[in-house]
$ cat target_21.cif   # mmCIF, C-alpha atoms
data_coords
loop_
_atom_site.group_PDB
_atom_site.id
_atom_site.type_symbol
_atom_site.label_atom_id
_atom_site.label_comp_id
_atom_site.auth_asym_id
_atom_site.auth_seq_id
_atom_site.Cartn_x
_atom_site.Cartn_y
_atom_site.Cartn_z
ATOM 1 C CA MET H 41 7.887 2.313 9.590
ATOM 2 C CA LYS H 42 10.700 2.477 7.042
ATOM 3 C CA TYR H 43 12.195 -0.369 5.052
ATOM 4 C CA ILE H 44 15.985 -0.780 4.993
ATOM 5 C CA ASP H 45 17.627 -2.005 1.802
ATOM 6 C CA THR H 46 20.538 -4.435 1.937
ATOM 7 C CA ASN H 47 23.056 -1.817 0.807
ATOM 8 C CA ILE H 48 22.647 0.117 4.059
ATOM 9 C CA PHE H 49 23.680 -2.923 6.109
ATOM 10 C CA ILE H 50 26.578 -3.745 3.794
ATOM 11 C CA ASN H 51 27.875 -0.172 3.705
ATOM 12 C CA ASN H 52 27.821 -0.213 7.499
ATOM 13 C CA LEU H 53 29.599 -3.581 7.656
ATOM 14 C CA ILE H 54 32.402 -2.587 5.287
ATOM 15 C CA GLY H 55 32.756 0.958 6.630
ATOM 16 C CA ASP H 56 32.180 2.396 3.164
ATOM 17 C CA ALA H 57 33.995 5.730 2.812
ATOM 18 C CA ARG H 58 30.963 7.483 1.330
ATOM 19 C CA LEU H 59 27.988 5.929 3.126
ATOM 20 C CA GLY H 60 29.389 3.861 6.012
ATOM 21 C CA ASP H 61 29.143 6.515 8.753
ATOM 22 C CA ALA H 62 25.623 7.555 7.769
ATOM 23 C CA ALA H 63 24.521 3.900 7.623
ATOM 24 C CA GLU H 64 26.031 3.234 11.047
ATOM 25 C CA LYS H 65 24.285 6.261 12.579
ATOM 26 C CA TYR H 66 20.957 5.283 11.057
ATOM 27 C CA LEU H 67 21.196 1.682 12.268
ATOM 28 C CA GLU H 68 22.149 2.960 15.737
ATOM 29 C CA SER H 69 19.023 5.144 15.730
ATOM 30 C CA VAL H 70 16.971 2.011 15.012
ATOM 31 C CA ALA H 71 18.791 0.049 17.728
ATOM 32 C CA ASN H 72 18.122 2.876 20.206
ATOM 33 C CA GLY H 73 14.422 3.013 19.308
ATOM 34 C CA ARG H 74 14.515 6.475 17.735
ATOM 35 C CA GLU H 75 13.516 4.944 14.389
ATOM 36 C CA ILE H 76 11.288 1.979 13.606
ATOM 37 C CA ALA H 77 12.483 0.031 10.614
ATOM 38 C CA SER H 78 12.069 -3.296 8.899
ATOM 39 C CA THR H 79 13.683 -5.374 6.210
ATOM 40 C CA SER H 80 13.084 -8.723 4.589
ATOM 41 C CA VAL H 81 14.472 -12.053 5.683
ATOM 42 C CA HIS H 82 15.762 -11.996 2.091
ATOM 43 C CA THR H 83 18.108 -9.187 3.170
ATOM 44 C CA MET H 84 19.857 -11.627 5.486
ATOM 45 C CA VAL H 85 20.404 -13.956 2.520
ATOM 46 C CA GLU H 86 21.872 -11.095 0.490
ATOM 47 C CA ILE H 87 24.169 -10.119 3.358
ATOM 48 C CA TYR H 88 25.204 -13.765 3.709
ATOM 49 C CA ALA H 89 26.045 -13.972 -0.014
ATOM 50 C CA PHE H 90 28.088 -10.771 0.213
ATOM 51 C CA LEU H 91 30.024 -11.992 3.254
ATOM 52 C CA LYS H 92 30.557 -15.410 1.669
ATOM 53 C CA SER H 93 32.083 -13.686 -1.370
ATOM 54 C CA LYS H 94 34.628 -12.186 1.036
ATOM 55 C CA ARG H 95 35.599 -15.772 1.989
ATOM 56 C CA LEU H 96 34.604 -15.425 5.622
ATOM 57 C CA SER H 97 34.038 -18.564 7.667
ATOM 58 C CA GLU H 98 30.499 -19.705 8.375
ATOM 59 C CA GLN H 99 31.055 -18.938 12.071
ATOM 60 C CA LYS H 100 32.207 -15.370 11.334
ATOM 61 C CA ILE H 101 29.223 -14.876 9.021
ATOM 62 C CA ALA H 102 26.873 -16.210 11.709
ATOM 63 C CA ASP H 103 28.373 -13.772 14.221
ATOM 64 C CA ILE H 104 27.892 -10.842 11.835
ATOM 65 C CA LEU H 105 24.310 -11.842 11.013
ATOM 66 C CA SER H 106 23.583 -12.027 14.742
ATOM 67 C CA GLU H 107 24.903 -8.476 15.086
ATOM 68 C CA VAL H 108 22.624 -7.345 12.261
ATOM 69 C CA GLU H 109 19.642 -8.829 14.116
ATOM 70 C CA GLN H 110 20.628 -6.926 17.245
ATOM 71 C CA HIS H 111 19.998 -3.615 15.491
ATOM 72 C CA GLY H 112 16.317 -4.052 16.338
ATOM 73 C CA VAL H 113 15.225 -4.117 12.720
ATOM 74 C CA ILE H 114 11.959 -5.998 12.236
ATOM 75 C CA LEU H 115 12.514 -8.972 9.926
ATOM 76 C CA LEU H 116 9.584 -9.402 7.559
ATOM 77 C CA PRO H 117 8.895 -12.871 6.138
ATOM 78 C CA PHE H 118 9.814 -13.888 2.625
ATOM 79 C CA GLU H 119 6.741 -15.227 0.878
ATOM 80 C CA PRO H 120 6.819 -17.285 -2.333
ATOM 81 C CA ASP H 121 4.652 -14.800 -4.223
ATOM 82 C CA PHE H 122 7.310 -12.099 -3.679
ATOM 83 C CA LEU H 123 9.617 -14.081 -5.958
ATOM 84 C CA VAL H 124 6.911 -14.960 -8.482
ATOM 85 C CA ASP H 125 5.824 -11.310 -8.686
ATOM 86 C CA ALA H 126 9.477 -10.223 -9.035
ATOM 87 C CA LEU H 127 10.152 -12.234 -12.195
ATOM 88 C CA PRO H 128 8.289 -9.911 -14.607
ATOM 89 C CA MET H 129 10.089 -6.986 -12.971
ATOM 90 C CA VAL H 130 13.436 -8.662 -13.715
ATOM 91 C CA GLU H 131 12.402 -8.903 -17.357
ATOM 92 C CA ASN H 132 11.932 -5.117 -17.220
ATOM 93 C CA GLY H 133 15.441 -4.468 -15.899
ATOM 94 C CA TRP H 134 15.077 -4.819 -12.122
ATOM 95 C CA LYS H 135 17.581 -6.792 -10.080
ATOM 96 C CA ILE H 136 15.841 -9.752 -8.446
ATOM 97 C CA GLY H 137 16.735 -8.601 -4.915
ATOM 98 C CA ASP H 138 15.366 -5.099 -5.437
ATOM 99 C CA ALA H 139 12.169 -6.514 -6.914
ATOM 100 C CA ILE H 140 11.756 -8.773 -3.877
ATOM 101 C CA HIS H 141 12.328 -5.805 -1.560
ATOM 102 C CA LEU H 142 9.708 -3.732 -3.386
ATOM 103 C CA ASN H 143 7.172 -6.566 -3.288
ATOM 104 C CA THR H 144 7.850 -7.038 0.427
ATOM 105 C CA MET H 145 7.242 -3.340 0.994
ATOM 106 C CA LYS H 146 3.995 -3.372 -0.979
ATOM 107 C CA LYS H 147 2.686 -6.451 0.842
ATOM 108 C CA ASN H 148 3.434 -4.791 4.201
ATOM 109 C CA LYS H 149 2.143 -1.358 3.124
ATOM 110 C CA ILE H 150 5.532 0.323 3.661
ATOM 111 C CA ILE H 151 6.080 3.429 1.549
ATOM 112 C CA GLU H 152 9.559 4.604 2.621
ATOM 113 C CA ILE H 153 12.808 2.850 1.798
ATOM 114 C CA VAL H 154 16.225 3.737 3.190
ATOM 115 C CA THR H 155 18.533 2.951 0.289
ATOM 116 C CA ASP H 156 21.365 4.181 -1.850
ATOM 117 C CA ASP H 157 19.575 2.892 -4.965
ATOM 118 C CA ARG H 158 18.160 5.848 -6.870
ATOM 119 C CA HIS H 159 15.872 3.740 -9.078
ATOM 120 C CA PHE H 160 13.440 3.511 -6.153
ATOM 121 C CA GLU H 161 12.753 7.212 -6.776
ATOM 122 C CA ASN H 162 10.919 6.204 -9.950
ATOM 123 C CA VAL H 163 8.399 3.962 -8.179
ATOM 124 C CA ALA H 164 4.969 5.501 -7.693
ATOM 125 C CA GLY H 165 3.925 5.585 -4.055
ATOM 126 C CA ILE H 166 7.445 4.940 -2.735
ATOM 127 C CA THR H 167 9.700 7.524 -1.106
ATOM 128 C CA ARG H 168 13.436 6.895 -1.129
ATOM 129 C CA ILE H 169 15.297 8.090 1.973
ATOM 130 C CA ASP H 170 18.879 9.103 1.158
ATOM 131 C CA LEU H 171 20.966 9.036 4.336
ATOM 132 C CA LEU H 172 23.439 11.499 2.868
ATOM 133 C CA GLU H 173 20.688 14.093 2.378
ATOM 134 C CA GLU H 174 19.207 13.856 5.879
#

$ encode --input "target_21.cif" --output "structure tokens"
Amino acid sequence: MKYIDTNIFINNLIGDARLGDAAEKYLESVANGREIASTSVHTMVEIYAFLKSKRLSEQKIADILSEVEQHGVILLPFEPDFLVDALPMVENGWKIGDAIHLNTMKKNKIIEIVTDDRHFENVAGITRIDLLEE
């Protein structure tokens, strides 16, 4: 099972010129059962914050989040220790969201992450999947 970072969902939602098509195809492969993938409930919060920054109504955001859930991605729980364990990582330069994603992966023994963030390449035991290189 692979883990999907928030940026894949957002690039799909905004139709990003560079990554949007690849993100859409990947998420369709998950929806069709060709791939098995997961993400954190925290991802939904990050997507919400992004959509809220675009000044969308709560109803429109709810509709979009429902669509995200329909991709068939397994939503992994957010546990308090993920945040606690992320704080020292933030002190070492990590963004809080990425630290939470990494801790979620470790807790669930997931070693592959589908992301545009290259800094995951520097994490021992983690393989970054770049959709533009597949």

$ residues_around --input "target_21.cif" --residues "Glu152 of chain H" --least-positions-apart "3" --cutoff "8 Å" --atoms "all atoms listed in the file" --output "ChimeraX atom specification"
/H:41-43,166-169

$ resolve_selection --input "target_21.cif" --expression "the PyMOL selection byres ((chain H and resi 119-128) around 8)" --output "PyMOL selection string"
chain H and resi 117-118+129-132+136+139-140+143-144

$ write_last_selection --input "target_21.cif" --atoms "C-alpha atoms" --output "mmCIF file, in the frame of the given file"
data_model
loop_
_atom_site.group_PDB
_atom_site.id
_atom_site.type_symbol
_atom_site.label_atom_id
_atom_site.label_comp_id
_atom_site.auth_asym_id
_atom_site.auth_seq_id
_atom_site.Cartn_x
_atom_site.Cartn_y
_atom_site.Cartn_z
ATOM 1 C CA PRO H 117 8.895 -12.871 6.138
ATOM 2 C CA PHE H 118 9.814 -13.888 2.625
ATOM 3 C CA MET H 129 10.089 -6.986 -12.971
ATOM 4 C CA VAL H 130 13.436 -8.662 -13.715
ATOM 5 C CA GLU H 131 12.402 -8.903 -17.357
ATOM 6 C CA ASN H 132 11.932 -5.117 -17.220
ATOM 7 C CA ILE H 136 15.841 -9.752 -8.446
ATOM 8 C CA ALA H 139 12.169 -6.514 -6.914
ATOM 9 C CA ILE H 140 11.756 -8.773 -3.877
ATOM 10 C CA ASN H 143 7.172 -6.566 -3.288
ATOM 11 C CA THR H 144 7.850 -7.038 0.427
#

$ closest_residue --input "target_21.cif" --among "H:Thr83, H:Val154, H:Glu107, H:Gly133" --to "Leu53 of chain H" --atoms "all atoms listed in the file"
H:Glu107

$ residues_around --input "target_21.cif" --residues "Arg158 of chain H" --least-positions-apart "2" --cutoff "10 Å" --atoms "all atoms listed in the file" --output "CSV table (one decimal) with C-alpha atoms, keeping the file's coordinate frame"
chain,number,residue,atom,x,y,z
H,155,THR,CA,18.5,3.0,0.3
H,156,ASP,CA,21.4,4.2,-1.8
H,160,PHE,CA,13.4,3.5,-6.2
H,161,GLU,CA,12.8,7.2,-6.8
H,162,ASN,CA,10.9,6.2,-10.0
H,168,ARG,CA,13.4,6.9,-1.1
H,169,ILE,CA,15.3,8.1,2.0
H,170,ASP,CA,18.9,9.1,1.2

$ residues_around --input "target_21.cif" --residues "segment 65-74 of chain H" --least-positions-apart "2" --cutoff "6 Å" --atoms "all atoms listed in the file" --output "mmCIF file with C-alpha atoms, in the coordinates of the input"
data_model
loop_
_atom_site.group_PDB
_atom_site.id
_atom_site.type_symbol
_atom_site.label_atom_id
_atom_site.label_comp_id
_atom_site.auth_asym_id
_atom_site.auth_seq_id
_atom_site.Cartn_x
_atom_site.Cartn_y
_atom_site.Cartn_z
ATOM 1 C CA ALA H 62 25.623 7.555 7.769
ATOM 2 C CA ALA H 63 24.521 3.900 7.623
ATOM 3 C CA ILE H 76 11.288 1.979 13.606
ATOM 4 C CA HIS H 111 19.998 -3.615 15.491
ATOM 5 C CA GLY H 112 16.317 -4.052 16.338
#

$ atom_distance --input "target_21.cif" --atom1 "atom CA of Leu96 of chain H" --atom2 "atom CA of Asp138 of chain H"
24.5 Å

$ atom_distance --input "target_21.cif" --atom1 "atom CA of Ile153 of chain H" --atom2 "atom CA of Ile44 of chain H"
5.8 Å

$ atom_distance --input "target_21.cif" --atom1 "atom CA of Met84 of chain H" --atom2 "atom CA of Gln99 of chain H"
14.9 Å

$ closest_residue --input "target_21.cif" --among "H:Val108, H:Asp157, H:Thr79, H:Leu59" --to "Lys135 of chain H" --atoms "all atoms listed in the file"
H:Asp157
